[in-house]
Amino acid sequence: MALSVSLQALRAFDAAARHGSFKHAAEELSLTPTAISHHISKLEHRLNVRLFQRLPRKVLLTETGVLLANATSEGFATIESALADIQQLNEVVQVSTTSSFAALVLLPAQGAFSARYPDISMQVSSGELPDNLPNSIPVRLGNIKDVPVEDRLSGERFNLFGSKALRALEGAAVRPLLYTTRWKNRELCEPPLDDWLAHNGLSKADFVIREFDQELFGIQQAVIENALVFCSEILARGMCSTGQLAPVGEKSITSPLCYYIPNKTRFRTHNAVKFIEWIQDLVRLKSSNRR
């Protein structure tokens with residue numbers, strides 16, 4: 001049966017063991033030497049052992065005292081390390097997401113996040129495959145049919161973007177270059193290019209089509225080459241706001257994809273909740289402004 005021992009008594013013992021002095025232990029813990037002596041005497045009585053030899057100007061650990069001192073030192077160090085880690089979790093929000101979402105949505109919005117929450121630091125890591133980083137909030141792209149409603153951040157709409165209106169492309173002497181995406185993750189639904197073309201009275205034969213495995217690359221190449229890109233409106237909005245891209249077609253189309261946070265409700269620290277509320281507002285703002 002476990003003994004019931006006062007944490008305050010163990011603290012008093014640990015401090016006295018480290019300093020070799022009840023007086024110095026009392027100064028560290030903001031107590032009186034009499035209080036330290038009282039705590040340790042009660043601890044010795046509870047354990048039925050002698051932990052210190054009391055000498056005129058100092059105290060020395062007994063063999064049993066050394067055994068307990070080693071344990072309390074290690075135990076309190078472990079507790080303090082855990083508390084420091086927890087405090088860091090409340091100061092830093094770690095986010096993992098796709099390279100495209102990181103580069104085109106999260107990183108450009110870091111300034112807005114810091115302005116809203118100056119006491120929270122956002123650290124972003126990116127990669128195309130899910131990761132298992134402890135305490136990291138994963139913002140992923142998935143098939144909307146496979147994602148529970150409570151985990152979704154926003155549904156995706158796709159459109160064609162470029163620097164010229166679609167009417168200006170219709171009479172072009174050469175077929176315009178169009179970038180789209182073929183995902184590394186083959187389980188993801190393809191971007192709805194066929195549906196968009198049909199919706200806008202076009203076909204793939206009207207374009208020279210090239211594919212990247214990330215939307216980020218197609219968007220960048222479209223800007224560099226003055227070409228077209230078929231991509232998420234959420235991702236393209238930053239380029240549109242700077243005038244580098246503009247919607248080419250008047251009609252965007254709903255895709256079978258969404259951004260989401262797996263098991264979103266498991267993130268319960270105050271700052272994680274703040275980040276999730278903020279990112280939901282961010283993607284919904286992008287969604288509402290894109291129409």
# chains A, B, ... in the order shown; residues from 1 in each chain; ligands from 1

$ residues_around --residues "A:Arg57" --least-positions-apart "5" --cutoff "10 Å" --atoms "only C-alpha atoms" --output "number ranges by chain"
A: 20-23

$ write_last_selection --atoms "N, CA and C atoms" --output "mmCIF file, in the first residue's frame"
data_model
loop_
_atom_site.group_PDB
_atom_site.id
_atom_site.type_symbol
_atom_site.label_atom_id
_atom_site.label_comp_id
_atom_site.auth_asym_id
_atom_site.auth_seq_id
_atom_site.Cartn_x
_atom_site.Cartn_y
_atom_site.Cartn_z
ATOM 1 N N GLY A 20 22.433 21.156 2.221
ATOM 2 C CA GLY A 20 23.067 20.704 3.456
ATOM 3 C C GLY A 20 22.764 21.629 4.601
ATOM 4 N N SER A 21 21.616 22.292 4.533
ATOM 5 C CA SER A 21 21.283 23.303 5.539
ATOM 6 C C SER A 21 19.786 23.536 5.548
ATOM 7 N N PHE A 22 19.194 23.514 6.764
ATOM 8 C CA PHE A 22 17.784 23.850 6.882
ATOM 9 C C PHE A 22 17.576 25.350 6.632
ATOM 10 N N LYS A 23 18.558 26.165 7.039
ATOM 11 C CA LYS A 23 18.439 27.616 6.874
ATOM 12 C C LYS A 23 18.394 27.990 5.399
#

$ select_by_dssp --residues "stretch 32-223 of chain A" --states "strand (DSSP E or B)" --output "ChimeraX atom specification"
/A:52-54,59-61,92-97,121-126,137-143,152-162,177-181,208-212

$ select_by_dssp --residues "stretch 178-214 of chain A" --states "alpha helix (DSSP H)" --output "list in words"
Leu193, Asp194, Asp195, Trp196, Leu197, Ala198 and His199 of chain A

$ write_last_selection --atoms "C-alpha atoms" --output "short mmCIF file (atom, residue, chain, number, x, y, z; two decimals), in the first residue's frame"
data_model
loop_
_atom_site.label_atom_id
_atom_site.label_comp_id
_atom_site.auth_asym_id
_atom_site.auth_seq_id
_atom_site.Cartn_x
_atom_site.Cartn_y
_atom_site.Cartn_z
CA LEU A 193 -10.59 20.04 -64.65
CA ASP A 194 -12.86 18.00 -66.95
CA ASP A 195 -15.94 19.24 -65.12
CA TRP A 196 -14.73 22.84 -65.20
CA LEU A 197 -14.00 22.70 -68.94
CA ALA A 198 -17.42 21.20 -69.67
CA HIS A 199 -19.03 23.77 -67.37
#

$ closest_residue --among "A:Met122, A:Thr72, A:Val223, A:Ala9" --to "A:Trp278" --atoms "only C-alpha atoms"
A:Met122

$ residues_around --residues "A:Cys231" --least-positions-apart "3" --cutoff "8 Å" --atoms "only C-alpha atoms" --output "list in words"
Phe158, Asn159, Leu160, Phe161, Thr180, Thr181, Pro191, Glu215, Ile219, Leu235 and Ala236 of chain A
